[in-house]
>>> print(open('final-v1.cif').read())   # mmCIF, C-alpha atoms, pLDDT in the B column; chains and numbers go by the auth columns
data_protein
#
loop_
_atom_site.group_PDB
_atom_site.id
_atom_site.type_symbol
_atom_site.label_atom_id
_atom_site.label_comp_id
_atom_site.label_asym_id
_atom_site.label_seq_id
_atom_site.Cartn_x
_atom_site.Cartn_y
_atom_site.Cartn_z
_atom_site.B_iso_or_equiv
_atom_site.auth_seq_id
_atom_site.auth_asym_id
ATOM 1 C CA ASP A 1 13.572 14.420 7.440 51.00 4 A
ATOM 2 C CA THR A 2 14.098 10.986 5.992 74.00 5 A
ATOM 3 C CA GLY A 3 11.331 8.760 4.758 93.00 6 A
ATOM 4 C CA VAL A 4 10.727 5.090 5.409 96.00 7 A
ATOM 5 C CA SER A 5 13.776 3.004 4.585 96.00 8 A
ATOM 6 C CA GLN A 6 14.027 -0.719 3.929 97.00 9 A
ATOM 7 C CA ASP A 7 17.011 -3.014 3.785 97.00 10 A
ATOM 8 C CA PRO A 8 17.977 -4.855 1.697 97.00 11 A
ATOM 9 C CA ARG A 9 16.383 -3.562 -1.495 96.00 12 A
ATOM 10 C CA HIS A 10 16.848 -6.887 -3.243 97.00 13 A
ATOM 11 C CA LYS A 11 17.311 -10.398 -1.908 98.00 14 A
ATOM 12 C CA ILE A 12 17.849 -13.594 -3.850 98.00 15 A
ATOM 13 C CA THR A 13 17.718 -16.772 -1.836 98.00 16 A
ATOM 14 C CA LYS A 14 17.415 -20.477 -2.376 98.00 17 A
ATOM 15 C CA ARG A 15 14.264 -22.322 -1.420 98.00 18 A
ATOM 16 C CA GLY A 16 14.394 -23.467 2.181 98.00 19 A
ATOM 17 C CA GLN A 17 16.630 -20.669 3.411 98.00 20 A
ATOM 18 C CA ASN A 18 15.588 -18.093 6.002 98.00 21 A
ATOM 19 C CA VAL A 19 15.553 -14.378 5.186 98.00 22 A
ATOM 20 C CA THR A 20 15.119 -11.275 7.306 98.00 23 A
ATOM 21 C CA PHE A 21 14.139 -7.801 6.165 98.00 24 A
ATOM 22 C CA ARG A 22 14.428 -4.572 8.086 98.00 25 A
ATOM 23 C CA CYS A 23 12.239 -1.473 8.027 98.00 26 A
ATOM 24 C CA ASP A 24 13.022 1.890 9.603 97.00 27 A
ATOM 25 C CA PRO A 25 9.889 4.057 9.784 96.00 28 A
ATOM 26 C CA ILE A 26 9.680 7.821 9.845 94.00 29 A
ATOM 27 C CA SER A 27 11.056 8.693 13.271 90.00 30 A
ATOM 28 C CA GLU A 28 7.959 10.224 14.857 86.00 31 A
ATOM 29 C CA HIS A 29 5.578 7.581 13.516 91.00 32 A
ATOM 30 C CA ASN A 30 4.374 5.040 16.063 90.00 33 A
ATOM 31 C CA ARG A 31 2.450 2.832 13.617 92.00 34 A
ATOM 32 C CA LEU A 32 4.214 0.427 11.267 94.00 35 A
ATOM 33 C CA TYR A 33 2.774 -1.885 8.605 95.00 36 A
ATOM 34 C CA TRP A 34 4.022 -4.711 6.412 96.00 37 A
ATOM 35 C CA TYR A 35 2.497 -5.527 3.026 96.00 38 A
ATOM 36 C CA ARG A 36 3.322 -7.994 0.283 96.00 39 A
ATOM 37 C CA GLN A 37 2.907 -7.179 -3.392 96.00 40 A
ATOM 38 C CA THR A 38 3.129 -9.580 -6.304 94.00 41 A
ATOM 39 C CA LEU A 39 3.534 -8.542 -9.913 90.00 42 A
ATOM 40 C CA GLY A 40 0.495 -6.820 -11.361 89.00 43 A
ATOM 41 C CA GLN A 41 -1.380 -6.758 -8.059 92.00 44 A
ATOM 42 C CA GLY A 42 -1.956 -4.249 -5.319 93.00 45 A
ATOM 43 C CA PRO A 43 -0.261 -4.635 -1.939 95.00 46 A
ATOM 44 C CA GLU A 44 -1.778 -7.132 0.521 94.00 47 A
ATOM 45 C CA PHE A 45 -1.753 -6.385 4.231 93.00 48 A
ATOM 46 C CA LEU A 46 0.382 -8.669 6.386 95.00 49 A
ATOM 47 C CA THR A 47 0.648 -7.129 9.840 94.00 50 A
ATOM 48 C CA TYR A 48 0.510 -3.889 11.824 91.00 51 A
ATOM 49 C CA PHE A 49 2.309 -2.573 14.935 93.00 52 A
ATOM 50 C CA GLN A 50 1.428 0.248 17.238 91.00 53 A
ATOM 51 C CA ASN A 51 4.652 1.019 19.065 92.00 54 A
ATOM 52 C CA GLU A 52 6.035 -2.426 19.949 92.00 55 A
ATOM 53 C CA ALA A 53 2.642 -4.186 20.062 92.00 56 A
ATOM 54 C CA GLN A 54 1.613 -6.290 17.080 92.00 57 A
ATOM 55 C CA LEU A 55 -2.101 -5.478 16.853 89.00 58 A
ATOM 56 C CA GLU A 56 -3.249 -7.108 13.630 87.00 59 A
ATOM 57 C CA LYS A 57 -2.100 -10.064 11.578 88.00 60 A
ATOM 58 C CA SER A 58 -3.442 -11.222 8.252 89.00 61 A
ATOM 59 C CA ARG A 59 -4.241 -14.846 7.534 86.00 62 A
ATOM 60 C CA LEU A 60 -1.593 -14.457 4.824 81.00 63 A
ATOM 61 C CA LEU A 61 0.994 -14.406 7.592 85.00 64 A
ATOM 62 C CA SER A 62 1.639 -18.120 7.892 88.00 65 A
ATOM 63 C CA ASP A 63 3.632 -19.763 10.682 92.00 66 A
ATOM 64 C CA ARG A 64 6.757 -19.301 8.595 96.00 67 A
ATOM 65 C CA PHE A 65 6.451 -15.524 8.836 96.00 68 A
ATOM 66 C CA SER A 66 7.265 -13.556 11.956 95.00 69 A
ATOM 67 C CA ALA A 67 7.498 -9.833 12.495 96.00 70 A
ATOM 68 C CA GLU A 68 8.898 -7.911 15.419 96.00 71 A
ATOM 69 C CA ARG A 69 9.267 -4.342 16.529 96.00 72 A
ATOM 70 C CA PRO A 70 11.142 -4.756 19.797 91.00 73 A
ATOM 71 C CA LYS A 71 11.650 -1.146 20.858 87.00 74 A
ATOM 72 C CA GLY A 72 8.843 0.462 18.911 85.00 75 A
ATOM 73 C CA SER A 73 11.226 1.852 16.324 91.00 76 A
ATOM 74 C CA PHE A 74 12.543 -0.355 13.501 96.00 77 A
ATOM 75 C CA SER A 75 10.865 -3.617 12.560 97.00 78 A
ATOM 76 C CA THR A 76 12.041 -6.917 11.115 98.00 79 A
ATOM 77 C CA LEU A 77 10.138 -9.419 9.005 98.00 80 A
ATOM 78 C CA GLU A 78 11.544 -12.931 8.917 98.00 81 A
ATOM 79 C CA ILE A 79 10.505 -15.679 6.536 97.00 82 A
ATOM 80 C CA GLN A 80 11.630 -19.168 7.479 97.00 83 A
ATOM 81 C CA ARG A 81 12.023 -22.048 5.043 97.00 84 A
ATOM 82 C CA THR A 82 11.301 -19.849 2.039 97.00 85 A
ATOM 83 C CA GLU A 83 9.188 -21.185 -0.816 97.00 86 A
ATOM 84 C CA GLN A 84 9.028 -20.009 -4.416 96.00 87 A
ATOM 85 C CA GLY A 85 5.584 -18.588 -3.715 95.00 88 A
ATOM 86 C CA ASP A 86 7.172 -16.158 -1.265 96.00 89 A
ATOM 87 C CA SER A 87 8.775 -14.291 -4.167 97.00 90 A
ATOM 88 C CA ALA A 88 7.290 -10.803 -4.035 97.00 91 A
ATOM 89 C CA MET A 89 7.946 -7.208 -3.092 97.00 92 A
ATOM 90 C CA TYR A 90 7.696 -6.684 0.668 97.00 93 A
ATOM 91 C CA LEU A 91 6.625 -3.162 1.509 97.00 94 A
ATOM 92 C CA CYS A 92 6.816 -1.391 4.828 97.00 95 A
ATOM 93 C CA ALA A 93 4.794 1.689 5.705 96.00 96 A
ATOM 94 C CA SER A 94 4.390 3.927 8.720 94.00 97 A
ATOM 95 C CA SER A 95 1.874 6.444 9.951 91.00 98 A
ATOM 96 C CA SER A 96 1.534 8.875 12.817 86.00 99 A
ATOM 97 C CA GLN A 97 -0.847 8.594 15.741 71.00 100 A
ATOM 98 C CA ALA A 98 -2.691 11.870 15.480 66.00 101 A
ATOM 99 C CA GLY A 99 -5.827 10.725 13.664 64.00 102 A
ATOM 100 C CA SER A 100 -4.144 10.497 10.303 70.00 103 A
ATOM 101 C CA TYR A 101 -4.837 7.452 8.193 83.00 104 A
ATOM 102 C CA GLU A 102 -2.313 8.181 5.451 89.00 105 A
ATOM 103 C CA GLN A 103 0.500 5.674 5.250 92.00 106 A
ATOM 104 C CA TYR A 104 4.016 6.464 4.060 93.00 107 A
ATOM 105 C CA PHE A 105 5.679 3.638 2.185 95.00 108 A
ATOM 106 C CA GLY A 106 9.283 2.597 1.876 96.00 109 A
ATOM 107 C CA PRO A 107 10.872 1.527 -1.426 95.00 110 A
ATOM 108 C CA GLY A 108 10.315 -2.161 -0.698 96.00 111 A
ATOM 109 C CA THR A 109 12.461 -5.279 -0.579 97.00 112 A
ATOM 110 C CA ARG A 110 12.189 -7.466 -3.641 97.00 113 A
ATOM 111 C CA LEU A 111 12.572 -11.134 -2.706 98.00 114 A
ATOM 112 C CA THR A 112 13.329 -13.779 -5.293 98.00 115 A
ATOM 113 C CA VAL A 113 13.290 -17.398 -4.159 98.00 116 A
ATOM 114 C CA THR A 114 15.017 -19.756 -6.589 97.00 117 A
ATOM 115 C CA SER B 1 -7.710 -10.824 -1.007 45.00 17 B
ATOM 116 C CA GLN B 2 -8.273 -7.640 -2.965 50.00 18 B
ATOM 117 C CA GLN B 3 -11.152 -5.507 -1.738 59.00 19 B
ATOM 118 C CA GLY B 4 -11.547 -3.300 -4.729 67.00 20 B
ATOM 119 C CA GLU B 5 -11.224 -3.386 -8.433 80.00 21 B
ATOM 120 C CA GLU B 6 -9.935 -0.548 -10.515 85.00 22 B
ATOM 121 C CA ASP B 7 -11.255 0.196 -13.942 86.00 23 B
ATOM 122 C CA PRO B 8 -9.731 0.362 -16.446 92.00 24 B
ATOM 123 C CA GLN B 9 -6.761 -1.912 -15.815 92.00 25 B
ATOM 124 C CA ALA B 10 -4.718 0.165 -18.246 94.00 26 B
ATOM 125 C CA LEU B 11 -5.192 3.646 -19.676 96.00 27 B
ATOM 126 C CA SER B 12 -3.118 5.448 -22.287 96.00 28 B
ATOM 127 C CA ILE B 13 -3.667 9.153 -22.990 96.00 29 B
ATOM 128 C CA GLN B 14 -1.897 12.121 -24.527 97.00 30 B
ATOM 129 C CA GLU B 15 -0.225 14.760 -22.396 97.00 31 B
ATOM 130 C CA GLY B 16 -2.695 17.499 -21.506 97.00 32 B
ATOM 131 C CA GLU B 17 -5.726 15.209 -21.508 97.00 33 B
ATOM 132 C CA ASN B 18 -7.645 14.230 -18.390 98.00 34 B
ATOM 133 C CA ALA B 19 -7.423 10.735 -16.922 97.00 35 B
ATOM 134 C CA THR B 20 -10.253 9.117 -15.014 97.00 36 B
ATOM 135 C CA MET B 21 -9.879 5.940 -12.996 96.00 37 B
ATOM 136 C CA ASN B 22 -12.626 4.144 -11.139 96.00 38 B
ATOM 137 C CA CYS B 23 -12.589 1.949 -8.080 94.00 39 B
ATOM 138 C CA SER B 24 -15.278 -0.322 -6.697 95.00 40 B
ATOM 139 C CA TYR B 25 -15.209 -1.960 -3.284 93.00 41 B
ATOM 140 C CA LYS B 26 -17.308 -4.438 -1.356 90.00 42 B
ATOM 141 C CA THR B 27 -17.680 -3.561 2.324 87.00 43 B
ATOM 142 C CA SER B 28 -18.535 -0.484 4.392 88.00 44 B
ATOM 143 C CA ILE B 29 -15.558 1.806 4.766 89.00 45 B
ATOM 144 C CA ASN B 30 -14.154 4.406 7.126 89.00 46 B
ATOM 145 C CA ASN B 31 -12.163 6.095 4.372 91.00 47 B
ATOM 146 C CA LEU B 32 -10.795 5.522 0.887 94.00 48 B
ATOM 147 C CA GLN B 33 -7.344 6.540 -0.262 95.00 49 B
ATOM 148 C CA TRP B 34 -5.574 6.755 -3.599 96.00 50 B
ATOM 149 C CA TYR B 35 -1.898 5.939 -4.009 97.00 51 B
ATOM 150 C CA ARG B 36 0.525 6.153 -6.916 97.00 52 B
ATOM 151 C CA GLN B 37 3.349 3.717 -7.604 96.00 53 B
ATOM 152 C CA ASN B 38 6.105 4.228 -10.108 93.00 54 B
ATOM 153 C CA SER B 39 7.544 1.053 -11.577 87.00 55 B
ATOM 154 C CA GLY B 40 9.441 -0.983 -8.984 81.00 56 B
ATOM 155 C CA ARG B 41 9.082 1.675 -6.298 85.00 57 B
ATOM 156 C CA GLY B 42 7.093 2.202 -3.125 88.00 58 B
ATOM 157 C CA LEU B 43 3.665 3.803 -3.011 95.00 59 B
ATOM 158 C CA VAL B 44 3.022 7.509 -2.598 95.00 60 B
ATOM 159 C CA HIS B 45 -0.136 8.728 -0.893 95.00 61 B
ATOM 160 C CA LEU B 46 -2.178 11.075 -3.075 96.00 62 B
ATOM 161 C CA ILE B 47 -5.470 11.833 -1.389 96.00 63 B
ATOM 162 C CA LEU B 48 -7.868 10.538 1.275 94.00 64 B
ATOM 163 C CA ILE B 49 -11.641 10.872 1.286 95.00 65 B
ATOM 164 C CA ARG B 50 -13.726 9.993 4.328 93.00 66 B
ATOM 165 C CA SER B 51 -16.951 8.033 4.118 93.00 67 B
ATOM 166 C CA ASN B 52 -19.035 11.128 4.910 94.00 68 B
ATOM 167 C CA GLU B 53 -17.439 13.157 2.099 96.00 69 B
ATOM 168 C CA ARG B 54 -18.561 13.103 -1.515 97.00 70 B
ATOM 169 C CA GLU B 55 -15.802 15.010 -3.299 98.00 71 B
ATOM 170 C CA LYS B 56 -12.313 16.218 -2.586 97.00 72 B
ATOM 171 C CA HIS B 57 -9.706 18.186 -4.527 96.00 73 B
ATOM 172 C CA SER B 58 -5.943 18.387 -4.293 95.00 74 B
ATOM 173 C CA GLY B 59 -4.106 20.289 -7.006 97.00 75 B
ATOM 174 C CA ARG B 60 -4.830 18.521 -10.297 97.00 76 B
ATOM 175 C CA LEU B 61 -6.561 15.642 -8.502 98.00 77 B
ATOM 176 C CA ARG B 62 -10.279 15.280 -7.920 98.00 78 B
ATOM 177 C CA VAL B 63 -11.725 12.336 -6.039 98.00 79 B
ATOM 178 C CA THR B 64 -15.382 11.426 -5.707 98.00 80 B
ATOM 179 C CA LEU B 65 -16.956 8.851 -3.444 97.00 81 B
ATOM 180 C CA ASP B 66 -20.392 7.254 -3.763 97.00 82 B
ATOM 181 C CA THR B 67 -20.949 5.030 -0.747 95.00 83 B
ATOM 182 C CA SER B 68 -24.363 3.883 -2.006 95.00 84 B
ATOM 183 C CA LYS B 69 -22.684 2.417 -5.087 95.00 85 B
ATOM 184 C CA LYS B 70 -19.481 1.525 -3.214 95.00 86 B
ATOM 185 C CA SER B 71 -17.404 3.288 -5.807 96.00 87 B
ATOM 186 C CA SER B 72 -14.871 6.075 -6.170 97.00 88 B
ATOM 187 C CA SER B 73 -13.224 7.856 -9.041 97.00 89 B
ATOM 188 C CA LEU B 74 -9.914 9.650 -9.412 98.00 90 B
ATOM 189 C CA LEU B 75 -9.613 12.382 -12.015 98.00 91 B
ATOM 190 C CA ILE B 76 -6.214 13.749 -12.993 98.00 92 B
ATOM 191 C CA THR B 77 -6.561 16.921 -15.023 98.00 93 B
ATOM 192 C CA ALA B 78 -4.061 18.252 -17.565 98.00 94 B
ATOM 193 C CA SER B 79 -1.965 15.103 -17.363 97.00 95 B
ATOM 194 C CA ARG B 80 1.820 15.138 -17.734 97.00 96 B
ATOM 195 C CA ALA B 81 4.288 12.471 -18.784 96.00 97 B
ATOM 196 C CA ALA B 82 5.451 12.379 -15.144 95.00 98 B
ATOM 197 C CA ASP B 83 1.982 11.138 -14.144 97.00 99 B
ATOM 198 C CA THR B 84 2.796 7.793 -15.806 97.00 100 B
ATOM 199 C CA ALA B 85 2.462 5.247 -12.982 97.00 101 B
ATOM 200 C CA SER B 86 0.139 2.677 -11.446 96.00 102 B
ATOM 201 C CA TYR B 87 -2.705 4.079 -9.392 97.00 103 B
ATOM 202 C CA PHE B 88 -4.311 2.130 -6.560 96.00 104 B
ATOM 203 C CA CYS B 89 -7.344 2.754 -4.437 95.00 105 B
ATOM 204 C CA ALA B 90 -7.221 1.484 -0.877 95.00 106 B
ATOM 205 C CA THR B 91 -10.037 1.172 1.624 93.00 107 B
ATOM 206 C CA ALA B 92 -9.969 1.247 5.394 88.00 108 B
ATOM 207 C CA ASN B 93 -12.863 -0.535 7.056 80.00 109 B
ATOM 208 C CA TYR B 94 -14.641 0.324 10.280 68.00 110 B
ATOM 209 C CA GLY B 95 -13.161 -1.659 13.140 67.00 111 B
ATOM 210 C CA SER B 96 -9.863 -2.039 11.328 64.00 112 B
ATOM 211 C CA ALA B 97 -9.263 1.435 10.024 60.00 113 B
ATOM 212 C CA ARG B 98 -5.495 1.072 10.062 75.00 114 B
ATOM 213 C CA GLN B 99 -5.473 -1.927 7.737 84.00 115 B
ATOM 214 C CA LEU B 100 -5.637 -0.881 4.101 91.00 116 B
ATOM 215 C CA THR B 101 -7.104 -3.163 1.459 91.00 117 B
ATOM 216 C CA PHE B 102 -5.853 -2.318 -2.010 93.00 118 B
ATOM 217 C CA GLY B 103 -7.345 -2.841 -5.429 91.00 119 B
ATOM 218 C CA SER B 104 -5.395 -4.275 -8.329 91.00 120 B
ATOM 219 C CA GLY B 105 -4.552 -0.886 -9.818 94.00 121 B
ATOM 220 C CA THR B 106 -4.796 1.078 -13.046 95.00 122 B
ATOM 221 C CA GLN B 107 -1.646 1.458 -15.141 96.00 123 B
ATOM 222 C CA LEU B 108 -1.687 4.987 -16.568 97.00 124 B
ATOM 223 C CA THR B 109 0.578 5.914 -19.450 97.00 125 B
ATOM 224 C CA VAL B 110 0.766 9.570 -20.476 97.00 126 B
ATOM 225 C CA LEU B 111 2.317 10.001 -23.896 96.00 127 B
ATOM 226 C CA PRO B 112 4.324 13.184 -24.551 90.00 128 B
#
>>> encode(input="final-v1.cif", output="C-alpha cells")
Amino acid sequence: DTGVSQDPRHKITKRGQNVTFRCDPISEHNRLYWYRQTLGQGPEFLTYFQNEAQLEKSRLLSDRFSAERPKGSFSTLEIQRTEQGDSAMYLCASSSQAGSYEQYFGPGTRLTVT
Amino acid sequence: SQQGEEDPQALSIQEGENATMNCSYKTSINNLQWYRQNSGRGLVHLILIRSNEREKHSGRLRVTLDTSKKSSSLLITASRAADTASYFCATANYGSARQLTFGSGTQLTVLP
C-alpha cells in the first residue's frame, strides 16, 4: 500500500512562468485536497474534490490557480503567471468516503519563484 | 486565514518529560484533529476528537476538548527525541467538515 505521492518534490521557476504539480492519492480514497503552506505557518486549504467533482474552493485560489481531477484518480494543480508570493509548499491530501475525516498527506511540492 | 492558535509557539523539553500543547479556535466545529510534521515533510495524522467528546487517548497521546472555551490540548507523555516535530491542530466546521483549518503550530524539541 503506497501513500499519497506528489511530483515534483521541488520546483524552481522564474516569475511569470506556468507550473503544474501532480498528486496521486491513496488508491481507494475518493476525496482529494490541496493545501498551501508557507514557512512557519500551518497549511491553508485551497480546494477539495470528491471523485472528479471540485466541491469547494478557497478564496485563496485566485484566477491564476486551477485544479483538476479528470478521472477521479490523480489531480493536477496549475499556477499560471507565477508570482514571488506563490513560493510555498503545496500539499496534497486524500481521505476515504466511509465517514472518516482523517486526511493523509503527501510529502509536498516546494515551489520557489525567482 | 488561520482558525486556531497553538500555544506555545515553541517548546523544548528533556527526553522522558511530558509535553503539553494548547490550541484555541474561533467557530463551532464538527471535529478537531492533531497532526505532526517533521521538518520539510508532509503532515501525519495523530488523533481526532469529535465535538461531543471531551477526552481521547491513543498510545502516549491524550487529547482534551472544551467546546465551551473553544480550546483543545495535546499531551505527549514520556517524550522521545523522535517526537521532535511541529504539531498542528486542525478544525473541521459544520457544513464544511471536509475542509480543515489549521493553526500556526507548536515546534516541539525533545532533547536527548
>>> atom_distance(input="final-v1.cif", atom1="atom CA of Ala91 of chain A", atom2="atom CA of Gly111 of chain A")
9.7 Å
>>> resolve_selection(input="final-v1.cif", expression="the PyMOL selection byres ((chain A) within 9 of (chain B))", output="ChimeraX atom specification")
/A:34,36,43-48,50-51,59,92,94-95,104-111,113
>>> resolve_selection(input="final-v1.cif", expression="the PyMOL selection byres ((chain B and resi 100) around 8)", output="JSON, numbers by chain")
{"B": [54, 96, 97, 98, 99, 101, 102, 123, 124, 125, 126]}
>>> write_last_selection(input="final-v1.cif", atoms="C-alpha atoms", output="JSON list (two decimals), in the frame of the given file")
[["chain", "number", "residue", "atom", "x", "y", "z"],
["B", 54, "ASN", "CA", 6.10, 4.23, -10.11],
["B", 96, "ARG", "CA", 1.82, 15.14, -17.73],
["B", 97, "ALA", "CA", 4.29, 12.47, -18.78],
["B", 98, "ALA", "CA", 5.45, 12.38, -15.14],
["B", 99, "ASP", "CA", 1.98, 11.14, -14.14],
["B", 101, "ALA", "CA", 2.46, 5.25, -12.98],
["B", 102, "SER", "CA", 0.14, 2.68, -11.45],
["B", 123, "GLN", "CA", -1.65, 1.46, -15.14],
["B", 124, "LEU", "CA", -1.69, 4.99, -16.57],
["B", 125, "THR", "CA", 0.58, 5.91, -19.45],
["B", 126, "VAL", "CA", 0.77, 9.57, -20.48]]
>>> atom_distance(input="final-v1.cif", atom1="atom CA of Thr80 of chain B", atom2="atom CA of Ser28 of chain B")
21.5 Å
>>> resolve_selection(input="final-v1.cif", expression="the PyMOL selection byres ((chain A and resi 116) around 12)", output="list in words")
His13, Lys14, Ile15, Thr16, Lys17, Arg18, Gly19, Gln20, Asn21, Val22, Ile82, Gln83, Arg84, Thr85, Glu86, Gln87, Gly88, Asp89, Ser90, Ala91, Met92, Arg113, Leu114, Thr115 and Thr117 of chain A
>>> write_last_selection(input="final-v1.cif", atoms="C-alpha atoms", output="PDB file, in the coordinates of the input")
ATOM      1  CA  HIS A  13      16.848  -6.887  -3.243  1.00 97.00           C
ATOM      2  CA  LYS A  14      17.311 -10.398  -1.908  1.00 98.00           C
ATOM      3  CA  ILE A  15      17.849 -13.594  -3.850  1.00 98.00           C
ATOM      4  CA  THR A  16      17.718 -16.772  -1.836  1.00 98.00           C
ATOM      5  CA  LYS A  17      17.415 -20.477  -2.376  1.00 98.00           C
ATOM      6  CA  ARG A  18      14.264 -22.322  -1.420  1.00 98.00           C
ATOM      7  CA  GLY A  19      14.394 -23.467   2.181  1.00 98.00           C
ATOM      8  CA  GLN A  20      16.630 -20.669   3.411  1.00 98.00           C
ATOM      9  CA  ASN A  21      15.588 -18.093   6.002  1.00 98.00           C
ATOM     10  CA  VAL A  22      15.553 -14.378   5.186  1.00 98.00           C
ATOM     11  CA  ILE A  82      10.505 -15.679   6.536  1.00 97.00           C
ATOM     12  CA  GLN A  83      11.630 -19.168   7.479  1.00 97.00           C
ATOM     13  CA  ARG A  84      12.023 -22.048   5.043  1.00 97.00           C
ATOM     14  CA  THR A  85      11.301 -19.849   2.039  1.00 97.00           C
ATOM     15  CA  GLU A  86       9.188 -21.185  -0.816  1.00 97.00           C
ATOM     16  CA  GLN A  87       9.028 -20.009  -4.416  1.00 96.00           C
ATOM     17  CA  GLY A  88       5.584 -18.588  -3.715  1.00 95.00           C
ATOM     18  CA  ASP A  89       7.172 -16.158  -1.265  1.00 96.00           C
ATOM     19  CA  SER A  90       8.775 -14.291  -4.167  1.00 97.00           C
ATOM     20  CA  ALA A  91       7.290 -10.803  -4.035  1.00 97.00           C
ATOM     21  CA  MET A  92       7.946  -7.208  -3.092  1.00 97.00           C
ATOM     22  CA  ARG A 113      12.189  -7.466  -3.641  1.00 97.00           C
ATOM     23  CA  LEU A 114      12.572 -11.134  -2.706  1.00 98.00           C
ATOM     24  CA  THR A 115      13.329 -13.779  -5.293  1.00 98.00           C
ATOM     25  CA  THR A 117      15.017 -19.756  -6.589  1.00 97.00           C
TER      26      THR A 117
END
>>> residues_around(input="final-v1.cif", residues="Leu90 of chain B", least_positions_apart="5", cutoff="7 Å", atoms="only C-alpha atoms", output="PyMOL selection string")
chain B and resi 36-38+77-80
>>> residues_around(input="final-v1.cif", residues="Gly75 of chain B", least_positions_apart="6", cutoff="12 Å", atoms="only C-alpha atoms", output="list of chain:residue names")
B:Leu62, B:Ile63, B:Leu91, B:Ile92, B:Thr93, B:Ala94, B:Ser95
>>> write_last_selection(input="final-v1.cif", atoms="C-alpha atoms", output="PDB file, in the coordinates of the input")
ATOM      1  CA  LEU B  62      -2.178  11.075  -3.075  1.00 96.00           C
ATOM      2  CA  ILE B  63      -5.470  11.833  -1.389  1.00 96.00           C
ATOM      3  CA  LEU B  91      -9.613  12.382 -12.015  1.00 98.00           C
ATOM      4  CA  ILE B  92      -6.214  13.749 -12.993  1.00 98.00           C
ATOM      5  CA  THR B  93      -6.561  16.921 -15.023  1.00 98.00           C
ATOM      6  CA  ALA B  94      -4.061  18.252 -17.565  1.00 98.00           C
ATOM      7  CA  SER B  95      -1.965  15.103 -17.363  1.00 97.00           C
TER       8      SER B  95
END
>>> residues_near_point(input="final-v1.cif", point="(11.0, -1.2, 5.3)", cutoff="12 Å", atoms="only C-alpha atoms", output="VMD selection string")
(chain A and resid 6 to 13 23 to 29 35 to 39 70 72 76 to 80 92 to 97 107 to 113) or (chain B and resid 58)
>>> atom_distance(input="final-v1.cif", atom1="atom CA of Leu81 of chain B", atom2="atom CA of Phe52 of chain A")
29.0 Å
>>> build_atoms(input="final-v1.cif", residues="segment 90-103 of chain B", atoms="N, CA and C atoms", output="mmCIF file, in the coordinates of the input")
data_model
loop_
_atom_site.group_PDB
_atom_site.id
_atom_site.type_symbol
_atom_site.label_atom_id
_atom_site.label_comp_id
_atom_site.auth_asym_id
_atom_site.auth_seq_id
_atom_site.Cartn_x
_atom_site.Cartn_y
_atom_site.Cartn_z
ATOM 1 N N LEU B 90 -11.042 8.731 -9.489
ATOM 2 C CA LEU B 90 -9.914 9.650 -9.412
ATOM 3 C C LEU B 90 -9.757 10.305 -10.769
ATOM 4 N N LEU B 91 -9.811 11.620 -10.784
ATOM 5 C CA LEU B 91 -9.613 12.382 -12.015
ATOM 6 C C LEU B 91 -8.299 13.148 -11.899
ATOM 7 N N ILE B 92 -7.442 12.962 -12.889
ATOM 8 C CA ILE B 92 -6.214 13.749 -12.993
ATOM 9 C C ILE B 92 -6.388 14.676 -14.183
ATOM 10 N N THR B 93 -6.374 15.961 -13.934
ATOM 11 C CA THR B 93 -6.561 16.921 -15.023
ATOM 12 C C THR B 93 -5.215 17.338 -15.609
ATOM 13 N N ALA B 94 -5.254 17.733 -16.878
ATOM 14 C CA ALA B 94 -4.061 18.252 -17.565
ATOM 15 C C ALA B 94 -2.857 17.355 -17.318
ATOM 16 N N SER B 95 -2.991 16.100 -17.710
ATOM 17 C CA SER B 95 -1.965 15.103 -17.363
ATOM 18 C C SER B 95 -0.611 15.445 -17.972
ATOM 19 N N ARG B 96 0.437 14.933 -17.308
ATOM 20 C CA ARG B 96 1.820 15.138 -17.734
ATOM 21 C C ARG B 96 2.495 13.782 -17.879
ATOM 22 N N ALA B 97 3.568 13.738 -18.627
ATOM 23 C CA ALA B 97 4.288 12.471 -18.784
ATOM 24 C C ALA B 97 4.722 11.916 -17.430
ATOM 25 N N ALA B 98 5.018 12.808 -16.481
ATOM 26 C CA ALA B 98 5.451 12.379 -15.144
ATOM 27 C C ALA B 98 4.335 11.713 -14.342
ATOM 28 N N ASP B 99 3.101 11.811 -14.820
ATOM 29 C CA ASP B 99 1.982 11.138 -14.144
ATOM 30 C C ASP B 99 1.930 9.652 -14.481
ATOM 31 N N THR B 100 2.743 9.212 -15.435
ATOM 32 C CA THR B 100 2.796 7.793 -15.806
ATOM 33 C C THR B 100 3.166 6.965 -14.589
ATOM 34 N N ALA B 101 2.276 6.045 -14.200
ATOM 35 C CA ALA B 101 2.462 5.247 -12.982
ATOM 36 C C ALA B 101 1.273 4.304 -12.858
ATOM 37 N N SER B 102 1.317 3.467 -11.834
ATOM 38 C CA SER B 102 0.139 2.677 -11.446
ATOM 39 C C SER B 102 -0.581 3.398 -10.321
ATOM 40 N N TYR B 103 -1.895 3.394 -10.390
ATOM 41 C CA TYR B 103 -2.705 4.079 -9.392
ATOM 42 C C TYR B 103 -3.591 3.048 -8.692
#
